[in-house]
>>> print(open('run.pdb').read())   # PDB, C-alpha atoms
MODEL        1
ATOM      1  CA  MET A 149      24.557  16.468  17.461
ATOM      2  CA  LYS A 150      24.663  14.659  20.777
ATOM      3  CA  LYS A 151      22.558  11.533  21.045
ATOM      4  CA  THR A 152      20.645  11.568  24.315
ATOM      5  CA  ASP A 153      17.643   9.278  23.864
ATOM      6  CA  TYR A 154      17.318   5.563  23.394
ATOM      7  CA  LEU A 155      14.575   3.874  21.433
ATOM      8  CA  ASN A 156      13.666   0.243  22.012
ATOM      9  CA  VAL A 157      11.839  -1.369  19.106
ATOM     10  CA  ARG A 158      10.468  -4.883  18.866
ATOM     11  CA  ILE A 159      10.522  -6.494  15.437
ATOM     12  CA  ASP A 160      10.443 -10.049  14.160
ATOM     13  CA  THR A 161      13.836 -11.651  13.618
ATOM     14  CA  GLU A 162      13.349 -12.419   9.923
ATOM     15  CA  THR A 163      12.521  -8.799   9.031
ATOM     16  CA  LYS A 164      15.457  -7.521  11.098
ATOM     17  CA  ASP A 165      17.894  -9.960   9.478
ATOM     18  CA  LYS A 166      16.736  -9.129   5.946
ATOM     19  CA  ALA A 167      16.909  -5.391   6.651
ATOM     20  CA  GLU A 168      20.433  -5.717   8.059
ATOM     21  CA  GLU A 169      21.585  -7.558   4.922
ATOM     22  CA  ILE A 170      20.182  -4.832   2.668
ATOM     23  CA  LEU A 171      21.565  -2.020   4.826
ATOM     24  CA  LYS A 172      25.067  -3.556   4.698
ATOM     25  CA  ASN A 173      25.111  -2.621   0.994
ATOM     26  CA  PHE A 174      24.822   1.023   2.074
ATOM     27  CA  ASN A 175      27.245   0.680   5.003
ATOM     28  CA  LEU A 176      24.380   1.437   7.381
ATOM     29  CA  ARG A 177      23.291  -0.142  10.636
ATOM     30  CA  ILE A 178      19.686  -0.527  11.748
ATOM     31  CA  SER A 179      20.090   2.434  14.112
ATOM     32  CA  ASP A 180      21.351   4.579  11.190
ATOM     33  CA  ALA A 181      18.294   3.623   9.135
ATOM     34  CA  VAL A 182      15.924   4.423  12.003
ATOM     35  CA  ASN A 183      17.590   7.825  12.443
ATOM     36  CA  LEU A 184      17.256   8.522   8.697
ATOM     37  CA  PHE A 185      13.608   7.524   8.795
ATOM     38  CA  LEU A 186      12.813   9.727  11.797
ATOM     39  CA  ARG A 187      14.652  12.700  10.258
ATOM     40  CA  GLN A 188      12.631  12.314   7.070
ATOM     41  CA  ILE A 189       9.409  12.293   9.102
ATOM     42  CA  VAL A 190      10.460  15.601  10.655
ATOM     43  CA  LEU A 191      11.522  17.120   7.310
ATOM     44  CA  GLU A 192       8.356  16.080   5.480
ATOM     45  CA  GLU A 193       6.082  16.499   8.489
ATOM     46  CA  GLY A 194       4.594  13.090   7.791
ATOM     47  CA  ILE A 195       5.422   9.556   6.695
ATOM     48  CA  PRO A 196       8.061   9.859   3.928
ATOM     49  CA  PHE A 197       6.443   7.292   1.631
ATOM     50  CA  GLU A 198       2.998   6.273   0.447
ATOM     51  CA  ILE A 199       1.227   3.722   2.590
ATOM     52  CA  LYS A 200      -1.241   1.418   0.868
ATOM     53  CA  LEU A 201      -3.399  -1.422   2.001
ATOM     54  CA  PRO A 202      -2.298  -4.421  -0.070
ATOM     55  CA  GLN A 203      -5.758  -5.984  -0.119
ATOM     56  CA  TYR A 204      -7.185  -2.802  -1.694
ATOM     57  CA  GLU A 205      -4.769  -2.959  -4.598
ATOM     58  CA  LYS A 206      -5.163  -6.711  -5.025
ATOM     59  CA  ALA A 207      -8.959  -6.651  -4.857
ATOM     60  CA  TYR A 208      -9.145  -3.761  -7.319
ATOM     61  CA  LYS A 209      -6.792  -5.375  -9.823
ATOM     62  CA  GLU A 210      -8.486  -8.756  -9.645
ATOM     63  CA  LEU A 211     -11.988  -7.362 -10.054
ATOM     64  CA  GLU A 212     -10.818  -5.006 -12.801
ATOM     65  CA  LYS A 213      -9.411  -7.964 -14.750
ATOM     66  CA  ALA A 214     -12.570 -10.003 -14.270
ATOM     67  CA  VAL A 215     -14.780  -7.134 -15.363
ATOM     68  CA  ALA A 216     -12.584  -6.348 -18.356
ATOM     69  CA  TYR A 217     -12.693  -9.919 -19.622
ATOM     70  CA  ASN A 218     -16.290 -10.740 -18.781
ATOM     71  CA  ALA A 219     -18.285  -7.549 -19.113
ATOM     72  CA  PHE A 220     -16.189  -5.645 -21.616
ATOM     73  CA  GLY A 221     -14.891  -8.477 -23.778
ATOM     74  CA  GLY A 222     -11.290  -7.671 -22.872
ATOM     75  CA  GLY A 223     -11.745  -3.909 -23.229
ATOM     76  CA  ILE A 224     -10.964  -1.118 -20.799
ATOM     77  CA  PRO A 225     -13.627  -0.365 -18.171
ATOM     78  CA  SER A 226     -15.413   2.991 -18.418
ATOM     79  CA  GLU A 227     -15.034   5.727 -15.802
ATOM     80  CA  TYR A 228     -18.355   4.600 -14.292
ATOM     81  CA  ALA A 229     -17.119   1.005 -14.061
ATOM     82  CA  ASN A 230     -13.823   2.159 -12.531
ATOM     83  CA  ASN A 231     -15.743   4.067  -9.856
ATOM     84  CA  ILE A 232     -17.751   0.948  -9.012
ATOM     85  CA  LEU A 233     -14.556  -1.109  -8.914
ATOM     86  CA  LYS A 234     -12.943   1.379  -6.535
ATOM     87  CA  LEU A 235     -15.949   1.263  -4.199
ATOM     88  CA  TYR A 236     -15.717  -2.528  -4.143
ATOM     89  CA  ALA A 237     -11.943  -2.556  -3.673
ATOM     90  CA  LYS A 238     -12.273  -0.156  -0.726
ATOM     91  CA  ASP A 239     -14.864  -2.558   0.730
ATOM     92  CA  LEU A 240     -17.560   0.129   0.604
ATOM     93  CA  ILE A 241     -19.884  -2.141  -1.396
ATOM     94  CA  ASP A 242     -20.059  -5.918  -1.628
ATOM     95  CA  LEU A 243     -19.385  -7.977  -4.743
ATOM     96  CA  GLU A 244     -23.077  -8.562  -5.465
ATOM     97  CA  THR A 245     -23.765  -4.811  -5.436
ATOM     98  CA  ALA A 246     -20.718  -4.138  -7.624
ATOM     99  CA  VAL A 247     -21.779  -6.723 -10.194
ATOM    100  CA  PHE A 248     -25.366  -5.399 -10.158
ATOM    101  CA  ALA A 249     -24.149  -1.832 -10.706
ATOM    102  CA  LEU A 250     -21.780  -2.875 -13.479
ATOM    103  CA  ASN A 251     -24.555  -4.693 -15.315
ATOM    104  CA  ARG A 252     -26.879  -1.668 -15.199
ATOM    105  CA  LYS A 253     -27.511   0.101 -18.455
ATOM    106  CA  ILE A 254     -26.613   3.763 -18.178
ATOM    107  CA  VAL A 255     -28.717   6.076 -20.304
TER     108      VAL A 255
ENDMDL
END
>>> encode(input="run.pdb", output="structure tokens")
Amino acid sequence: MKKTDYLNVRIDTETKDKAEEILKNFNLRISDAVNLFLRQIVLEEGIPFEIKLPQYEKAYKELEKAVAYNAFGGGIPSEYANNILKLYAKDLIDLETAVFALNRKIV
């Protein structure tokens, strides 16, 4: 396959250096890794890995722990509580609303 296009990418030096060190273990250069990545995008018709927002995961885990220890005495939150926690972690409701909803008695 003849290479005919060039791709210029800007990236911070620290990330580039760390990536190069890791890729050396696989006998790959940065350009090889970029080609692999782009081929996987074509094969999978999308990004070849799951993309998550770190703050979502962190917020959910932190609130889940707080709720488990405070509201459930160290137990596992119910499905209802998990749904409230997910809404909060996705920033769809604020903390005050989440706490209010979690303290509601469900009949």
>>> closest_residue(input="run.pdb", among="A:Glu227, A:Ala249, A:Ala181, A:Lys150", to="A:Lys164", atoms="only C-alpha atoms")
A:Ala181
>>> residues_around(input="run.pdb", residues="A:Asn231", least_positions_apart="5", cutoff="10 Å", atoms="only C-alpha atoms", output="PyMOL selection string")
chain A and resi 225-226+236-237+246+250
>>> atom_distance(input="run.pdb", atom1="atom CA of A:Leu233", atom2="atom CA of A:Ile195")
27.5 Å
>>> residues_around(input="run.pdb", residues="A:Ser179", least_positions_apart="6", cutoff="12 Å", atoms="all atoms listed in the file", output="ChimeraX atom specification")
/A:151,154-157,164,167-168,171,185-186
>>> atom_distance(input="run.pdb", atom1="atom CA of A:Asp153", atom2="atom CA of A:Glu169")
25.6 Å
>>> atom_distance(input="run.pdb", atom1="atom CA of A:Lys209", atom2="atom CA of A:Lys166")
28.6 Å
